[in-house]
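*Asks:* Below you'll find the structure I mean.
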Amino acid sequence: MKFLFKPLLAANYCAAKWIVNKNLPQRVIPTALHTFTSPFAFLSAGIYCVILGSIDYKFKTFTPIFIGLGIVMLSVSFFVEKKAKNSIERWGIKKEYKSLSKNQRQNRNTFAFLFFWAGFALSVYLIITFTEGYLVK
């Protein structure tokens, strides 16, 4: 886990330090956690729609679909956030951030934003591809 997620969490911490107002340093960790967990929530929404699109039963209204989507996205987001919150201190990401040069920080910001938008784009693709039966009548 550490091998895969430490660079990503460090990149999101760098992006959060860049995004957050300097007068509100207490908002850095919540912002880092949010930007870290959002792509996982997006991907879980896409997988939910893949599963929903693969079953033969079609719901008559969108309400149960949106309720299920909210449950899936929030549960994945809370689970990943809980794990990531402990990992920031345990893996020494704050100390690692202080030792980076400006160029390294910009590279990590780029990596964080690419991961965020790639997760979003993949989830949009999965949602559109596998829920087309609901959209076209």
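Here, A, B, ... name the chains of the structure tokens in the order displayed, residue numbers run from 1 inside each chain, and ligands are numbered from 1 in the same displayed order.
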If you count only C-alpha atoms, which residues fall within 8 Å of range 71-78 of chain A, apart from same-chain ones fewer than 4 positions away, as a list in words?
*Replies:*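 Skipping anything fewer than 4 positions along the chain leaves Thr37, Ser38, Phe40, Ala41, Phe42, Ser44, Ala45, Tyr48, Ile67 and Lys82 of chain A.
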*Asks:* Since we have the selection now, will you write its residues out, keeping C-alpha atoms, as a tab-separated table (two decimals), in the first residue's frame?
*Replies:*
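Just written: out-v5.tsv:
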chain	number	residue	atom	x	y	z
A	37	THR	CA	-10.27	10.64	-1.80
A	38	SER	CA	-12.31	12.25	-4.58
A	40	PHE	CA	-11.51	6.98	-5.51
A	41	ALA	CA	-15.11	8.09	-4.94
A	42	PHE	CA	-15.44	8.90	-8.65
A	44	SER	CA	-16.40	3.74	-7.17
A	45	ALA	CA	-19.31	5.60	-8.79
A	48	TYR	CA	-21.35	1.10	-9.33
A	67	ILE	CA	-29.37	6.85	-3.22
A	82	LYS	CA	-9.70	7.34	7.40
*Asks:* Can you list, as a VMD selection string, every protein, DNA or RNA residue that comes within 7 Å of range 120-134 of chain A when you count only C-alpha atoms, leaving out same-chain residues fewer than 2 positions away?
*Replies:* chain A and resid 39 42 to 43 45 to 46 49 to 50 53 116 to 118 136
*Asks:* Pick from A:Lys2, A:Lys102, A:Arg90, A:Lys85: nearest to Ala32 in chain A, with only C-alpha atoms counted?
*Replies:* A:Lys85
*Asks:* Grab the CA of Asn109 in chain A to CA of Cys14 in chain A distance for me, in Å with one decimal place.
*Replies:*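 Answer for the CA of Asn109 in chain A to CA of Cys14 in chain A separation: 6.0 Å.
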*Asks:* Identify all residues of chain A in helix (DSSP H, G or I) (DSSP on the backbone) and supply them as a PyMOL selection string.
*Replies:* chain A and resi 2-19+25-54+63-90+93-98+102-130+132-135
*Asks:* Record the distance separating CA of Thr35 in chain A and CA of Gln104 in chain A, expressed in Å with one decimal.
*Replies:*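 Calculated distance between CA of Thr35 in chain A and CA of Gln104 in chain A is 18.7 Å.
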*Asks:* Enter the distance from CA of Gly70 in chain A to CA of Leu52 in chain A, in Å, rounded to one decimal.
*Replies:*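 That distance, rounded to one decimal, is 13.7 Å.
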*Asks:* Check the smallest atom-to-atom distance from each of A:Phe36, A:Phe3, A:Trp91, A:Trp18 to Phe79 in chain A using only C-alpha atoms, then report the winner.
*Replies:* A:Phe36
